[in-house]
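input_25.pdb (PDB, C-alpha atoms and all ligand atoms)
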MODEL        1
ATOM      1  CA  MET A 130       0.000   0.000   0.000  1.00  0.00           C
ATOM      2  CA  SER A 131       1.250   3.522  -0.761  1.00  0.00           C
ATOM      3  CA  ALA A 132       2.500   5.883   1.986  1.00  0.00           C
ATOM      4  CA  ASN A 133      -0.879   7.551   2.342  1.00  0.00           C
ATOM      5  CA  PRO A 134      -3.470   4.916   1.514  1.00  0.00           C
ATOM      6  CA  TYR A 135      -6.911   6.168   0.613  1.00  0.00           C
ATOM      7  CA  VAL A 136     -10.348   4.997  -0.409  1.00  0.00           C
ATOM      8  CA  LEU A 137     -11.383   6.923  -3.501  1.00  0.00           C
ATOM      9  CA  ILE A 138     -14.986   8.077  -3.302  1.00  0.00           C
ATOM     10  CA  LEU A 139     -15.768   8.788  -6.924  1.00  0.00           C
ATOM     11  CA  PHE A 140     -19.142  10.114  -7.963  1.00  0.00           C
ATOM     12  CA  TYR A 141     -21.392  12.057 -10.278  1.00  0.00           C
ATOM     13  CA  SER A 142     -24.262  14.108  -8.856  1.00  0.00           C
ATOM     14  CA  ARG A 143     -26.527  16.534 -10.677  1.00  0.00           C
ATOM     15  CA  HIS A 144     -28.932  17.502  -7.894  1.00  0.00           C
ATOM     16  CA  GLY A 145     -26.870  16.806  -4.765  1.00  0.00           C
ATOM     17  CA  SER A 146     -28.145  13.516  -3.308  1.00  0.00           C
ATOM     18  CA  ILE A 147     -25.128  11.485  -4.345  1.00  0.00           C
ATOM     19  CA  ALA A 148     -22.803  14.283  -3.182  1.00  0.00           C
ATOM     20  CA  GLU A 149     -24.510  14.149   0.218  1.00  0.00           C
ATOM     21  CA  MET A 150     -24.157  10.355   0.379  1.00  0.00           C
ATOM     22  CA  ALA A 151     -20.455  10.689  -0.486  1.00  0.00           C
ATOM     23  CA  LYS A 152     -19.913  12.771   2.665  1.00  0.00           C
ATOM     24  CA  HIS A 153     -21.327   9.994   4.826  1.00  0.00           C
ATOM     25  CA  LEU A 154     -19.274   7.315   3.088  1.00  0.00           C
ATOM     26  CA  ALA A 155     -16.191   9.457   3.716  1.00  0.00           C
ATOM     27  CA  ARG A 156     -17.141   9.697   7.381  1.00  0.00           C
ATOM     28  CA  GLY A 157     -17.278   5.879   7.529  1.00  0.00           C
ATOM     29  CA  VAL A 158     -13.891   5.526   5.812  1.00  0.00           C
ATOM     30  CA  ASN A 159     -12.327   8.028   8.192  1.00  0.00           C
ATOM     31  CA  THR A 160     -13.364   6.022  11.274  1.00  0.00           C
ATOM     32  CA  VAL A 161     -10.756   3.418  10.259  1.00  0.00           C
ATOM     33  CA  ASN A 162      -7.162   3.977  11.350  1.00  0.00           C
ATOM     34  CA  GLY A 163      -4.423   3.971   8.717  1.00  0.00           C
ATOM     35  CA  ILE A 164      -6.506   5.028   5.732  1.00  0.00           C
ATOM     36  CA  GLU A 165      -8.442   8.094   4.663  1.00  0.00           C
ATOM     37  CA  ALA A 166     -11.120   9.120   2.191  1.00  0.00           C
ATOM     38  CA  LYS A 167     -10.348  11.037  -1.000  1.00  0.00           C
ATOM     39  CA  VAL A 168     -13.549  12.468  -2.497  1.00  0.00           C
ATOM     40  CA  ARG A 169     -13.593  13.169  -6.227  1.00  0.00           C
ATOM     41  CA  GLN A 170     -16.302  13.779  -8.834  1.00  0.00           C
ATOM     42  CA  VAL A 171     -16.445  13.391 -12.590  1.00  0.00           C
ATOM     43  CA  PRO A 172     -17.359  16.255 -14.945  1.00  0.00           C
ATOM     44  CA  ASP A 173     -20.568  16.337 -16.917  1.00  0.00           C
ATOM     45  CA  VAL A 174     -20.594  15.231 -20.546  1.00  0.00           C
ATOM     46  CA  ALA A 175     -22.099  17.025 -23.514  1.00  0.00           C
ATOM     47  CA  SER A 176     -22.957  15.784 -26.987  1.00  0.00           C
ATOM     48  CA  THR A 177     -22.525  19.047 -28.867  1.00  0.00           C
ATOM     49  CA  THR A 178     -19.358  20.619 -27.458  1.00  0.00           C
ATOM     50  CA  THR A 179     -15.840  19.359 -26.830  1.00  0.00           C
ATOM     51  CA  LEU A 180     -15.600  21.288 -23.535  1.00  0.00           C
ATOM     52  CA  ALA A 181     -18.423  20.205 -21.251  1.00  0.00           C
ATOM     53  CA  ALA A 182     -17.015  21.614 -18.029  1.00  0.00           C
ATOM     54  CA  PRO A 183     -14.342  24.010 -16.778  1.00  0.00           C
ATOM     55  CA  ALA A 184     -11.020  22.559 -15.607  1.00  0.00           C
ATOM     56  CA  LEU A 185     -12.164  22.870 -11.993  1.00  0.00           C
ATOM     57  CA  PRO A 186     -15.743  22.398 -10.788  1.00  0.00           C
ATOM     58  CA  ASP A 187     -17.567  25.492  -9.556  1.00  0.00           C
ATOM     59  CA  GLU A 188     -18.319  23.686  -6.301  1.00  0.00           C
ATOM     60  CA  GLY A 189     -17.794  20.404  -4.509  1.00  0.00           C
ATOM     61  CA  ALA A 190     -15.023  17.850  -4.866  1.00  0.00           C
ATOM     62  CA  PRO A 191     -12.276  18.232  -7.494  1.00  0.00           C
ATOM     63  CA  TYR A 192     -12.513  16.209 -10.676  1.00  0.00           C
ATOM     64  CA  CYS A 193     -10.877  12.801 -10.453  1.00  0.00           C
ATOM     65  CA  THR A 194      -7.739  11.993 -12.440  1.00  0.00           C
ATOM     66  CA  LEU A 195      -6.893   8.536 -13.755  1.00  0.00           C
ATOM     67  CA  GLU A 196      -3.834   8.526 -11.484  1.00  0.00           C
ATOM     68  CA  GLU A 197      -6.049   9.030  -8.431  1.00  0.00           C
ATOM     69  CA  LEU A 198      -8.086   6.018  -9.459  1.00  0.00           C
ATOM     70  CA  ALA A 199      -4.977   3.937 -10.216  1.00  0.00           C
ATOM     71  CA  ASP A 200      -3.423   4.677  -6.812  1.00  0.00           C
ATOM     72  CA  CYS A 201      -6.461   4.085  -4.595  1.00  0.00           C
ATOM     73  CA  ALA A 202      -6.489   1.271  -2.037  1.00  0.00           C
ATOM     74  CA  GLY A 203     -10.275   0.887  -2.382  1.00  0.00           C
ATOM     75  CA  LEU A 204     -13.075   2.499  -4.363  1.00  0.00           C
ATOM     76  CA  ALA A 205     -16.613   3.651  -3.615  1.00  0.00           C
ATOM     77  CA  MET A 206     -18.412   4.715  -6.786  1.00  0.00           C
ATOM     78  CA  GLY A 207     -21.644   6.712  -6.643  1.00  0.00           C
ATOM     79  CA  SER A 208     -24.164   7.556  -9.329  1.00  0.00           C
ATOM     80  CA  PRO A 209     -27.784   8.615  -9.577  1.00  0.00           C
ATOM     81  CA  SER A 210     -29.969   5.848 -11.008  1.00  0.00           C
ATOM     82  CA  TYR A 211     -30.700   6.824 -14.612  1.00  0.00           C
ATOM     83  CA  PHE A 212     -33.099   4.333 -16.220  1.00  0.00           C
ATOM     84  CA  GLY A 213     -31.714   1.596 -13.979  1.00  0.00           C
ATOM     85  CA  SER A 214     -28.108   2.282 -14.879  1.00  0.00           C
ATOM     86  CA  MET A 215     -25.190   4.535 -13.903  1.00  0.00           C
ATOM     87  CA  ALA A 216     -25.231   8.064 -15.324  1.00  0.00           C
ATOM     88  CA  ALA A 217     -23.328   8.765 -18.555  1.00  0.00           C
ATOM     89  CA  PRO A 218     -20.648  11.048 -17.008  1.00  0.00           C
ATOM     90  CA  LEU A 219     -19.487   8.261 -14.691  1.00  0.00           C
ATOM     91  CA  LYS A 220     -19.599   5.674 -17.484  1.00  0.00           C
ATOM     92  CA  HIS A 221     -17.637   8.090 -19.681  1.00  0.00           C
ATOM     93  CA  PHE A 222     -14.949   8.317 -16.999  1.00  0.00           C
ATOM     94  CA  ILE A 223     -14.836   4.531 -16.588  1.00  0.00           C
ATOM     95  CA  ASP A 224     -14.563   4.122 -20.364  1.00  0.00           C
ATOM     96  CA  GLN A 225     -11.268   6.010 -20.209  1.00  0.00           C
ATOM     97  CA  THR A 226      -9.672   3.439 -17.882  1.00  0.00           C
ATOM     98  CA  SER A 227      -8.394   0.912 -20.451  1.00  0.00           C
ATOM     99  CA  THR A 228      -4.768   1.584 -19.511  1.00  0.00           C
ATOM    100  CA  LEU A 229      -5.546   0.680 -15.892  1.00  0.00           C
ATOM    101  CA  TRP A 230      -7.234  -2.512 -17.097  1.00  0.00           C
ATOM    102  CA  LEU A 231      -4.254  -3.387 -19.324  1.00  0.00           C
ATOM    103  CA  THR A 232      -1.806  -2.895 -16.472  1.00  0.00           C
ATOM    104  CA  GLY A 233      -4.018  -4.520 -13.829  1.00  0.00           C
ATOM    105  CA  ARG A 234      -3.797  -1.534 -11.498  1.00  0.00           C
ATOM    106  CA  LEU A 235      -7.132  -2.191  -9.773  1.00  0.00           C
ATOM    107  CA  ILE A 236      -6.860  -5.973  -9.372  1.00  0.00           C
ATOM    108  CA  ASN A 237      -7.720  -7.277  -5.874  1.00  0.00           C
ATOM    109  CA  LYS A 238      -8.792  -3.881  -4.550  1.00  0.00           C
ATOM    110  CA  PRO A 239     -12.210  -3.666  -2.856  1.00  0.00           C
ATOM    111  CA  ALA A 240     -15.010  -1.694  -4.487  1.00  0.00           C
ATOM    112  CA  CYS A 241     -18.583  -0.748  -3.727  1.00  0.00           C
ATOM    113  CA  GLY A 242     -21.337   1.364  -5.246  1.00  0.00           C
ATOM    114  CA  PHE A 243     -23.900   3.829  -3.933  1.00  0.00           C
ATOM    115  CA  THR A 244     -26.885   5.337  -5.667  1.00  0.00           C
ATOM    116  CA  SER A 245     -29.879   7.614  -5.366  1.00  0.00           C
ATOM    117  CA  ALA A 246     -33.210   7.452  -7.183  1.00  0.00           C
ATOM    118  CA  SER A 247     -36.480   9.340  -7.193  1.00  0.00           C
ATOM    119  CA  THR A 248     -38.670   6.257  -6.822  1.00  0.00           C
ATOM    120  CA  MET A 249     -38.540   3.301  -4.449  1.00  0.00           C
ATOM    121  CA  HIS A 250     -38.529   0.642  -7.143  1.00  0.00           C
ATOM    122  CA  GLY A 251     -37.009   2.722  -9.914  1.00  0.00           C
ATOM    123  CA  GLY A 252     -33.867   0.666 -10.477  1.00  0.00           C
ATOM    124  CA  GLN A 253     -31.574   1.346  -7.487  1.00  0.00           C
ATOM    125  CA  GLU A 254     -30.339  -2.235  -7.374  1.00  0.00           C
ATOM    126  CA  GLN A 255     -29.916  -2.426 -11.162  1.00  0.00           C
ATOM    127  CA  CYS A 256     -27.896   0.777 -11.070  1.00  0.00           C
ATOM    128  CA  LEU A 257     -25.601  -0.685  -8.408  1.00  0.00           C
ATOM    129  CA  HIS A 258     -25.139  -3.760 -10.581  1.00  0.00           C
ATOM    130  CA  SER A 259     -24.281  -1.559 -13.565  1.00  0.00           C
ATOM    131  CA  MET A 260     -21.407  -0.073 -11.540  1.00  0.00           C
ATOM    132  CA  MET A 261     -20.295  -3.519 -10.372  1.00  0.00           C
ATOM    133  CA  THR A 262     -19.871  -4.909 -13.901  1.00  0.00           C
ATOM    134  CA  PRO A 263     -16.935  -2.778 -15.158  1.00  0.00           C
ATOM    135  CA  LEU A 264     -15.218  -2.943 -11.772  1.00  0.00           C
ATOM    136  CA  ILE A 265     -15.290  -6.743 -11.880  1.00  0.00           C
ATOM    137  CA  HIS A 266     -13.699  -6.516 -15.338  1.00  0.00           C
ATOM    138  CA  HIS A 267     -10.963  -4.539 -13.624  1.00  0.00           C
ATOM    139  CA  GLY A 268     -10.428  -7.400 -11.161  1.00  0.00           C
ATOM    140  CA  MET A 269     -11.836  -5.503  -8.198  1.00  0.00           C
ATOM    141  CA  ILE A 270     -13.605  -7.292  -5.331  1.00  0.00           C
ATOM    142  CA  TRP A 271     -17.196  -6.109  -4.878  1.00  0.00           C
ATOM    143  CA  ALA A 272     -18.330  -5.540  -1.312  1.00  0.00           C
ATOM    144  CA  GLY A 273     -22.003  -4.997  -0.580  1.00  0.00           C
ATOM    145  CA  LEU A 274     -23.653  -4.429   2.788  1.00  0.00           C
ATOM    146  CA  PRO A 275     -24.153  -7.436   5.094  1.00  0.00           C
ATOM    147  CA  TYR A 276     -27.472  -7.719   6.944  1.00  0.00           C
ATOM    148  CA  LYS A 277     -25.674  -7.422  10.258  1.00  0.00           C
ATOM    149  CA  ASN A 278     -26.289  -3.728   9.561  1.00  0.00           C
ATOM    150  CA  LYS A 279     -29.667  -3.427  11.276  1.00  0.00           C
ATOM    151  CA  ALA A 280     -30.602  -0.380   9.201  1.00  0.00           C
ATOM    152  CA  LEU A 281     -30.960  -2.693   6.209  1.00  0.00           C
ATOM    153  CA  ILE A 282     -33.931  -4.259   7.956  1.00  0.00           C
ATOM    154  CA  SER A 283     -35.447  -1.147   9.503  1.00  0.00           C
ATOM    155  CA  THR A 284     -35.139   1.176   6.488  1.00  0.00           C
ATOM    156  CA  LEU A 285     -38.340   2.461   4.927  1.00  0.00           C
ATOM    157  CA  SER A 286     -36.475   4.269   2.145  1.00  0.00           C
ATOM    158  CA  GLY A 287     -33.019   3.563   0.653  1.00  0.00           C
ATOM    159  CA  GLY A 288     -30.525   0.826   1.524  1.00  0.00           C
ATOM    160  CA  THR A 289     -29.781  -2.473  -0.240  1.00  0.00           C
ATOM    161  CA  PRO A 290     -27.459  -5.420   0.375  1.00  0.00           C
ATOM    162  CA  TYR A 291     -25.792  -4.558  -2.957  1.00  0.00           C
ATOM    163  CA  GLY A 292     -24.792  -1.094  -1.745  1.00  0.00           C
ATOM    164  CA  ALA A 293     -26.049   2.045  -0.026  1.00  0.00           C
ATOM    165  CA  SER A 294     -28.891   3.954  -1.636  1.00  0.00           C
ATOM    166  CA  HIS A 295     -31.117   6.970  -1.063  1.00  0.00           C
ATOM    167  CA  LEU A 296     -34.734   7.592  -1.979  1.00  0.00           C
ATOM    168  CA  ALA A 297     -34.800  11.225  -3.129  1.00  0.00           C
ATOM    169  CA  ASN A 298     -38.438  11.281  -4.277  1.00  0.00           C
ATOM    170  CA  SER A 299     -39.602  13.546  -7.094  1.00  0.00           C
ATOM    171  CA  THR A 300     -38.505  16.636  -5.132  1.00  0.00           C
ATOM    172  CA  ASN A 301     -34.795  15.668  -5.309  1.00  0.00           C
ATOM    173  CA  ASP A 302     -34.696  15.695  -1.518  1.00  0.00           C
ATOM    174  CA  THR A 303     -31.023  15.484  -0.504  1.00  0.00           C
ATOM    175  CA  ASN A 304     -31.760  14.842   3.190  1.00  0.00           C
ATOM    176  CA  LEU A 305     -30.811  11.275   4.039  1.00  0.00           C
ATOM    177  CA  THR A 306     -32.795   9.334   6.649  1.00  0.00           C
ATOM    178  CA  GLU A 307     -30.933   8.084   9.725  1.00  0.00           C
ATOM    179  CA  ASP A 308     -30.964   4.550   8.269  1.00  0.00           C
ATOM    180  CA  GLU A 309     -29.576   5.776   4.942  1.00  0.00           C
ATOM    181  CA  LYS A 310     -26.813   7.716   6.709  1.00  0.00           C
ATOM    182  CA  ALA A 311     -25.916   4.689   8.844  1.00  0.00           C
ATOM    183  CA  LEU A 312     -25.688   2.476   5.762  1.00  0.00           C
ATOM    184  CA  CYS A 313     -23.502   4.978   3.882  1.00  0.00           C
ATOM    185  CA  GLU A 314     -21.163   5.140   6.849  1.00  0.00           C
ATOM    186  CA  ALA A 315     -21.126   1.350   7.252  1.00  0.00           C
ATOM    187  CA  GLN A 316     -20.318   1.034   3.561  1.00  0.00           C
ATOM    188  CA  GLY A 317     -17.415   3.470   3.787  1.00  0.00           C
ATOM    189  CA  LYS A 318     -16.070   1.760   6.914  1.00  0.00           C
ATOM    190  CA  ARG A 319     -16.295  -1.670   5.296  1.00  0.00           C
ATOM    191  CA  ILE A 320     -14.358  -0.631   2.183  1.00  0.00           C
ATOM    192  CA  ALA A 321     -11.676   1.024   4.321  1.00  0.00           C
ATOM    193  CA  GLU A 322     -11.258  -2.098   6.490  1.00  0.00           C
ATOM    194  CA  LEU A 323     -11.147  -4.360   3.434  1.00  0.00           C
ATOM    195  CA  ALA A 324      -8.649  -2.071   1.702  1.00  0.00           C
ATOM    196  CA  ILE A 325      -6.280  -2.429   4.638  1.00  0.00           C
ATOM    197  CA  LYS A 326      -6.732  -6.226   4.846  1.00  0.00           C
ATOM    198  CA  LEU A 327      -6.352  -6.808   1.098  1.00  0.00           C
ATOM    199  CA  SER A 328      -3.249  -4.664   0.747  1.00  0.00           C
ATOM    200  CA  LYS A 329      -1.241  -6.688   3.305  1.00  0.00           C
TER
HETATM  201  C1  LIG B 401     -32.053  11.040 -17.156  1.00  0.00           C
HETATM  202  C2  LIG B 401     -32.626  10.655 -15.824  1.00  0.00           C
HETATM  203  C3  LIG B 401     -33.084   9.366 -15.635  1.00  0.00           C
HETATM  204  C4  LIG B 401     -33.601   8.976 -14.395  1.00  0.00           C
HETATM  205  N1  LIG B 401     -34.039   7.693 -14.234  1.00  0.00           N
HETATM  206  C5  LIG B 401     -34.571   7.314 -13.058  1.00  0.00           C
HETATM  207  C6  LIG B 401     -35.056   6.002 -12.868  1.00  0.00           C
HETATM  208  O1  LIG B 401     -35.015   5.157 -13.763  1.00  0.00           O
HETATM  209  N2  LIG B 401     -35.593   5.685 -11.659  1.00  0.00           N
HETATM  210  C7  LIG B 401     -35.678   6.590 -10.633  1.00  0.00           C
HETATM  211  O2  LIG B 401     -36.198   6.250  -9.563  1.00  0.00           O
HETATM  212  N3  LIG B 401     -35.173   7.845 -10.759  1.00  0.00           N
HETATM  213  C8  LIG B 401     -34.625   8.219 -11.943  1.00  0.00           C
HETATM  214  N4  LIG B 401     -34.128   9.488 -12.092  1.00  0.00           N
HETATM  215  C9  LIG B 401     -34.046  10.360 -10.907  1.00  0.00           C
HETATM  216  C10 LIG B 401     -32.661  10.354 -10.257  1.00  0.00           C
HETATM  217  O3  LIG B 401     -32.136   9.055 -10.105  1.00  0.00           O
HETATM  218  C11 LIG B 401     -32.751  10.999  -8.866  1.00  0.00           C
HETATM  219  O4  LIG B 401     -33.263  12.315  -9.009  1.00  0.00           O
HETATM  220  C12 LIG B 401     -31.434  11.019  -8.109  1.00  0.00           C
HETATM  221  O5  LIG B 401     -31.722  11.177  -6.744  1.00  0.00           O
HETATM  222  C13 LIG B 401     -30.515  12.174  -8.560  1.00  0.00           C
HETATM  223  O6  LIG B 401     -29.292  12.129  -7.832  1.00  0.00           O
HETATM  224  P1  LIG B 401     -28.443  13.481  -7.634  1.00  0.00           P
HETATM  225  O7  LIG B 401     -29.245  14.373  -6.707  1.00  0.00           O
HETATM  226  O8  LIG B 401     -27.161  13.053  -6.998  1.00  0.00           O
HETATM  227  O9  LIG B 401     -28.252  14.091  -8.984  1.00  0.00           O
HETATM  228  C14 LIG B 401     -33.647   9.905 -13.327  1.00  0.00           C
HETATM  229  C15 LIG B 401     -33.192  11.222 -13.537  1.00  0.00           C
HETATM  230  C16 LIG B 401     -32.689  11.591 -14.768  1.00  0.00           C
HETATM  231  C17 LIG B 401     -32.197  13.009 -14.977  1.00  0.00           C
ENDMDL
END
Represent the structure from my file as structure tokens, please.
Amino acid sequence: MSANPYVLILFYSRHGSIAEMAKHLARGVNTVNGIEAKVRQVPDVASTTTLAAPALPDEGAPYCTLEELADCAGLAMGSPSYFGSMAAPLKHFIDQTSTLWLTGRLINKPACGFTSASTMHGGQEQCLHSMMTPLIHHGMIWAGLPYKNKALISTLSGGTPYGASHLANSTNDTNLTEDEKALCEAQGKRIAELAIKLSK
């Protein structure tokens, strides 16, 4: 593991729910000694211009570089659920990672996903699976949420065994419930602990 090991929390968020979840995952990562969270986002994409975003985002986490992904000890990847799949900006970023795949830079590192959706049964679990697929191609080890996390049973909104989730409703409500917060933090903590174990 590098001198300053970190879990990369990589996300795209248009309306703020995923950005809010990322903060709670980071909190979970930072409860584990010997590793810290690095929070990064991906820029938007556009079909009609070559420059879709300024070099630095107007607000929030910096944009992620490929080197930051290559050097992570673990990865938490967050996306809104768009038609049951990850959002295009995140997929666009992942589609630029062929060199990491060729060199095996992500093999045996733990990974997880987190998502937000406006409806309860609008594809949260499918979206998490869509993030899992390319990361398995990279040789990463997917870590969901075990049911020992009691919030998985008590939640009346987001939260799945495949990864943390948030029910934002049609109002794009970015306020997470206590159960959703607990599951985000548990997810971050789990990836951090696995990152330390797997890098030994
Ligand atoms: C193009 C598009 C597709 C969407 N598809 C779905 C969907 O299939 N199911 C759903 O529940 N919500 C869907 N949504 C709503 C978002 O998943 C939801 O607003 C999410 O909380 C946004 O996250 P953010 O606040 O981080 O941007 C969609 C939104 C957009 C813009």
Counting all atoms listed in the file, what residues are within 12 Å of ligand LIG 401 (chain B), given as a count of residues only? 56
Taking only C-alpha atoms into account, name the residue in A:Gly268, A:Tyr291, A:Glu307, A:Arg156 that is nearest to A:Thr232. A:Gly268
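Once the PyMOL selection byres (((chain A and resi 326) around 12) and not hetatm) is applied to this file, the selection holds Met130, Val161, Gly163, Ile164, Ala202, Gly203, Asn237, Lys238, Pro239, Arg319, Ile320, Ala321, Glu322, Leu323, Ala324, Ile325, Leu327, Ser328 and Lys329 of chain A.
Nearest residue to A:Asn159, choosing from A:Gly242, A:Pro134, A:Gly317, A:Pro290 and counting all atoms listed in the file: A:Gly317.
Among the candidate residues A:Pro191, A:Lys318, A:Cys241, A:Glu196, the one lying nearest to A:Ile265 is A:Cys241, with distances computed using all atoms listed in the file.
The space separating atom CA of A:Ala175 from atom CA of A:Ser259 comes to 21.2 Å.
Taking atom CA of A:Ala199 as the reference point, atom CA of A:Asp187 is found at 25.0 Å.
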Report, as AutoDock Vina command-line options, the centre and edge lengths in Å (one decimal) of the axis-aligned box enclosing every listed atom of stretch 228-243 of chain A, padded by 4 Å on each side.
--center_x -12.9 --center_y -1.7 --center_z -11.2 --size_x 30.1 --size_y 19.1 --size_z 24.7
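Separating atom CA of A:Ala311 from atom CA of A:His153 is a distance of 8.1 Å.
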Restricting the calculation to all atoms listed in the file: of A:Ile138, A:Ala293, A:Cys201, A:Ala240, which residue gets closest to A:His266? A:Ala240
